[in-house]
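Enquirer: Pasting a structure here, questions to come.
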Amino acid sequence: QLIAIGSDPNLLQASFILVANIDLTLLGPGSFPTDLIAPSPEYSYPGDSGTFTGHFDGNAHVIRNLRISNASAYHLGLFGFVGPGGRIENLHIEDAEVTGYNRVGLLAGNNGGTISNCSVAGFVHGVSNTGGLVGANGIERNGRSAVGSLPGRIEHCESRCTIEGRSNVGGLIGVNLQGPVTSSWADCTIDGASTAGGLMGQAYRDEKTSCYALGRITGDHNVAGLLGRNSP
């Protein structure tokens with residue numbers, strides 16, 4: 001049923017509640033080649049049919065052993081692209097591993113909605129915009145720059161991950177294009193060549209309230225315990 005949400009575009013605007021824990025190893029060996037829900041192409045826009053704009057309530061349940069691997073993919077995670085109005089809450093992801101190229105996270109590749117009371121634990125591998133919870137928070141209107149981006153909201157979330165990437169690598173968020181992040185934290189091991197931070201790799205127009213980061217961060221430049229780079 002979880003996979004069926006992503007296979008039917010008509011379900012991406014609906015509401016769901018998880019009524020039990022899910023262990024994806026029961027489906028057999030191997031990895032998924034793309035997101036389970038709302039897989040998106042390289043560039044997506046607000047209102048695209050491939051974005052998730054519904055409501056997913058995890059009801060405090062856990063999804064375990066998620067495996068997604070596609071080294072050339074954009075917007076990679078359990079949810080590929082969460083659009084405006086989309087909401088994910090009360091969901092926990094454990095023992096997961098996601099490998100992609102750009103905008104890679106365990107919960108979502110790109111968030112333009114609201115994510116609250118969620119946690120993730122596992123491994124994330126990407127090239128750019130790679131985070132434990134989400135790869136990119138906020139939506140780029142033109143697909144390529146932070147100018148004119150739409151906000152995403154993250155609140156009461158946590159990340160305990162090992163994360164590898166080249167640029168914009170963060171324990172919670174790879175790059176925050178626009179949107180508030182409140183009462184959230186990360187305790188991660190991060191290896192990023194540039195712009196790596198314990199909480200976020202790079203932040204543009206955002207509000208950070210009651211957040212903190214722990215863990216070990218390594219990289220070449222723009223490397224810090226909380227934010228790799230805070231941009232105007």
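Labeling convention for the structure tokens: chains A, B, ... as they appear, residues from 1 per chain, ligands from 1 in order of appearance.
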Mind checking DSSP for segment 1-224 of chain A and telling me the strand (DSSP E) residues as a PyMOL selection string?
Expert: chain A and resi 15-17+22-23+55-64+67-69+74-76+79-82+87-99+102-104+108-111+114-116+119-125+128-131+134-137+153-155+158-170+173-182+185-197+200-209+212-218+221-224
Enquirer: Can you pull out the residues contacting segment 148-163 of chain A? Cut-off 6 Å, using only C-alpha atoms, and skip same-chain residues under 4 positions away; I want them as a PyMOL selection string.
Expert: chain A and resi 111-125+132+137-141+172+178-190
Enquirer: I'd like to know which of A:Pro9, A:Gly100, A:Gly85, A:Pro39 is closest to Ile68 of chain A, using only C-alpha atoms.
Expert: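 Nearest candidate to Ile68 of chain A out of A:Pro9, A:Gly100, A:Gly85, A:Pro39: A:Gly100.
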Enquirer: Which neighbours of segment 197-208 of chain A fall inside 8 Å, counting only C-alpha atoms, when residues of the same chain fewer than 5 positions from it are skipped, and could you give them as a ChimeraX atom specification?
Expert: /A:129,131,146,167-182,185-188,190,213-217,223-232
Enquirer: Would you output that residue set with N, CA, C and O atoms, as a compact mmCIF listing (two decimals), in the first residue's frame?
Expert:
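The resulting file, result_24.txt, is shown below:
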```txt
# COMPACT_ATOMS: atom_id res chain seq x y z
N ASN A 129 23.75 19.17 -2.12
CA ASN A 129 22.47 19.35 -1.42
C ASN A 129 22.00 18.05 -0.79
O ASN A 129 20.97 17.49 -1.15
N GLY A 131 21.27 15.99 2.82
CA GLY A 131 21.00 16.13 4.24
C GLY A 131 20.40 14.87 4.83
O GLY A 131 19.89 14.01 4.10
N ALA A 146 18.06 30.39 -5.86
CA ALA A 146 17.24 30.61 -4.68
C ALA A 146 16.33 31.82 -4.83
O ALA A 146 15.47 32.07 -4.00
N SER A 167 29.20 18.99 -1.67
CA SER A 167 28.89 20.38 -1.36
C SER A 167 27.48 20.49 -0.80
O SER A 167 26.60 19.72 -1.17
N ASN A 168 27.29 21.47 0.09
CA ASN A 168 25.99 21.65 0.76
C ASN A 168 25.55 20.35 1.42
O ASN A 168 24.58 19.71 1.03
N VAL A 169 26.28 20.00 2.47
CA VAL A 169 26.03 18.75 3.19
C VAL A 169 25.70 19.10 4.64
O VAL A 169 26.48 19.78 5.32
N GLY A 170 24.54 18.67 5.14
CA GLY A 170 24.13 19.00 6.49
C GLY A 170 23.50 17.85 7.23
O GLY A 170 22.91 16.95 6.61
N GLY A 171 23.60 17.87 8.54
CA GLY A 171 23.03 16.79 9.34
C GLY A 171 21.53 16.69 9.22
O GLY A 171 20.97 15.60 9.18
N LEU A 172 20.85 17.84 9.18
CA LEU A 172 19.40 17.85 9.04
C LEU A 172 18.98 18.21 7.62
O LEU A 172 18.13 17.55 7.03
N ILE A 173 19.60 19.27 7.07
CA ILE A 173 19.24 19.81 5.76
C ILE A 173 20.52 20.09 4.96
O ILE A 173 21.46 20.70 5.49
N GLY A 174 20.53 19.70 3.69
CA GLY A 174 21.67 20.03 2.84
C GLY A 174 21.74 21.51 2.54
O GLY A 174 22.74 22.18 2.81
N VAL A 175 20.66 22.05 1.97
CA VAL A 175 20.56 23.48 1.70
C VAL A 175 19.16 23.96 2.07
O VAL A 175 18.17 23.34 1.69
N ASN A 176 19.10 25.03 2.85
CA ASN A 176 17.81 25.62 3.20
C ASN A 176 17.62 26.86 2.34
O ASN A 176 18.20 27.91 2.59
N LEU A 177 16.81 26.74 1.31
CA LEU A 177 16.59 27.85 0.38
C LEU A 177 15.72 28.92 1.00
O LEU A 177 15.99 30.12 0.87
N GLN A 178 14.67 28.49 1.69
CA GLN A 178 13.80 29.43 2.39
C GLN A 178 12.84 28.67 3.27
O GLN A 178 12.26 27.67 2.84
N GLY A 179 12.67 29.14 4.51
CA GLY A 179 11.68 28.55 5.39
C GLY A 179 12.19 28.39 6.81
O GLY A 179 13.39 28.25 7.04
N PRO A 180 11.28 28.40 7.78
CA PRO A 180 11.67 28.29 9.18
C PRO A 180 12.01 26.86 9.58
O PRO A 180 11.40 25.90 9.12
N VAL A 181 13.01 26.75 10.45
CA VAL A 181 13.40 25.47 11.04
C VAL A 181 13.39 25.68 12.55
O VAL A 181 14.17 26.48 13.08
N THR A 182 12.52 24.98 13.26
CA THR A 182 12.35 25.23 14.68
C THR A 182 12.41 23.93 15.49
O THR A 182 11.97 22.87 15.03
N TRP A 185 17.08 19.12 15.71
CA TRP A 185 18.49 18.90 15.98
C TRP A 185 19.04 17.74 15.15
O TRP A 185 18.28 16.94 14.58
N ALA A 186 20.36 17.66 15.12
CA ALA A 186 21.04 16.59 14.40
C ALA A 186 22.26 16.13 15.19
O ALA A 186 22.96 16.95 15.80
N ASP A 187 22.49 14.85 15.19
CA ASP A 187 23.68 14.25 15.78
C ASP A 187 24.25 13.30 14.74
O ASP A 187 23.86 12.13 14.68
N CYS A 188 25.15 13.81 13.90
CA CYS A 188 25.55 13.09 12.70
C CYS A 188 27.07 13.08 12.51
O CYS A 188 27.79 13.92 13.04
N ILE A 190 29.52 13.66 9.45
CA ILE A 190 29.37 14.29 8.14
C ILE A 190 30.71 14.41 7.46
O ILE A 190 31.68 14.90 8.06
N ALA A 213 23.19 21.13 17.03
CA ALA A 213 23.82 20.04 16.30
C ALA A 213 24.97 19.47 17.11
O ALA A 213 25.69 20.20 17.80
N LEU A 214 25.14 18.16 17.03
CA LEU A 214 26.25 17.43 17.62
C LEU A 214 26.93 16.62 16.52
O LEU A 214 26.48 16.61 15.38
N GLY A 215 28.01 15.94 16.86
CA GLY A 215 28.61 15.02 15.91
C GLY A 215 29.96 15.47 15.41
O GLY A 215 30.58 16.40 15.93
N ARG A 216 30.42 14.84 14.33
CA ARG A 216 31.74 15.10 13.76
C ARG A 216 31.57 15.53 12.31
O ARG A 216 30.90 14.85 11.52
N ILE A 217 32.20 16.65 11.95
CA ILE A 217 32.11 17.19 10.59
C ILE A 217 33.50 17.36 10.03
O ILE A 217 34.37 17.97 10.66
N VAL A 223 33.24 24.83 6.65
CA VAL A 223 32.86 23.69 7.49
C VAL A 223 32.68 24.20 8.92
O VAL A 223 33.54 24.89 9.46
N ALA A 224 31.52 23.89 9.54
CA ALA A 224 31.25 24.39 10.89
C ALA A 224 30.29 23.46 11.62
O ALA A 224 29.61 22.62 11.01
N GLY A 225 30.24 23.65 12.93
CA GLY A 225 29.41 22.76 13.75
C GLY A 225 27.93 22.91 13.51
O GLY A 225 27.18 21.95 13.60
N LEU A 226 27.46 24.14 13.21
CA LEU A 226 26.03 24.36 12.99
C LEU A 226 25.71 24.59 11.53
O LEU A 226 24.91 23.87 10.93
N LEU A 227 26.32 25.62 10.92
CA LEU A 227 26.08 25.98 9.51
C LEU A 227 27.41 26.05 8.77
O LEU A 227 28.33 26.75 9.21
N GLY A 228 27.47 25.38 7.64
CA GLY A 228 28.68 25.53 6.82
C GLY A 228 28.79 26.94 6.25
O GLY A 228 29.86 27.54 6.26
N ARG A 229 27.66 27.46 5.80
CA ARG A 229 27.64 28.83 5.24
C ARG A 229 26.25 29.41 5.42
O ARG A 229 25.26 28.78 5.09
N ASN A 230 26.21 30.63 5.93
CA ASN A 230 24.94 31.35 6.08
C ASN A 230 24.92 32.48 5.06
O ASN A 230 25.66 33.47 5.21
N SER A 231 24.13 32.35 4.01
CA SER A 231 24.14 33.31 2.91
C SER A 231 22.99 34.30 3.04
O SER A 231 21.92 33.95 3.56
N PRO A 232 23.18 35.54 2.59
CA PRO A 232 22.12 36.55 2.68
C PRO A 232 20.96 36.23 1.74
O PRO A 232 21.12 35.49 0.79
```
Enquirer: Identify which of the residues A:Phe16, A:Tyr74, A:Phe52, A:Phe32 lies closest to Leu91 of chain A, counting only C-alpha atoms when measuring atom-to-atom distances.
Expert: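 Looking at the shortest contact to Leu91 of chain A, the residue is A:Phe16.
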Enquirer: Between A:Asp23, A:Glu164, A:Asp95, A:Asp35, single out the one closest to Ser7 of chain A, counting only C-alpha atoms.
Expert: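 Of all the options, A:Asp35 lies closest to Ser7 of chain A.
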Enquirer: So, with only C-alpha atoms as the atoms that count, which of A:Asp220, A:Ala136, A:Thr209, A:Gly126 lies closest to Thr195 of chain A?
Expert: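 Ranked by minimum distance to Thr195 of chain A, first place goes to A:Asp220.
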Enquirer: So, counting only C-alpha atoms, which residue among A:Tyr212, A:Gly219, A:Val127, A:Leu66 is closest to Phe79 of chain A?
Expert: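 Smallest separation from Phe79 of chain A among the options: A:Leu66.
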Enquirer: Kindly indicate which residue among A:Val98, A:Gln13, A:Leu24, A:Thr51 lies nearest to Ala71 of chain A, using only C-alpha atoms for the distances.
Expert: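 Smallest separation from Ala71 of chain A among the options: A:Val98.
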Enquirer: Report, in Å with one decimal, the straight-line distance from atom CA of Ala4 of chain A to atom CA of Pro84 of chain A.
Expert: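 Computing the Euclidean distance for atom CA of Ala4 of chain A and atom CA of Pro84 of chain A yields 21.7 Å.
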Enquirer: At what distance in Å, to one decimal, does atom CA of Gly86 of chain A lie from atom CA of Gly50 of chain A?
Expert: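 Atom CA of Gly86 of chain A lies at a distance of 12.2 Å from atom CA of Gly50 of chain A.
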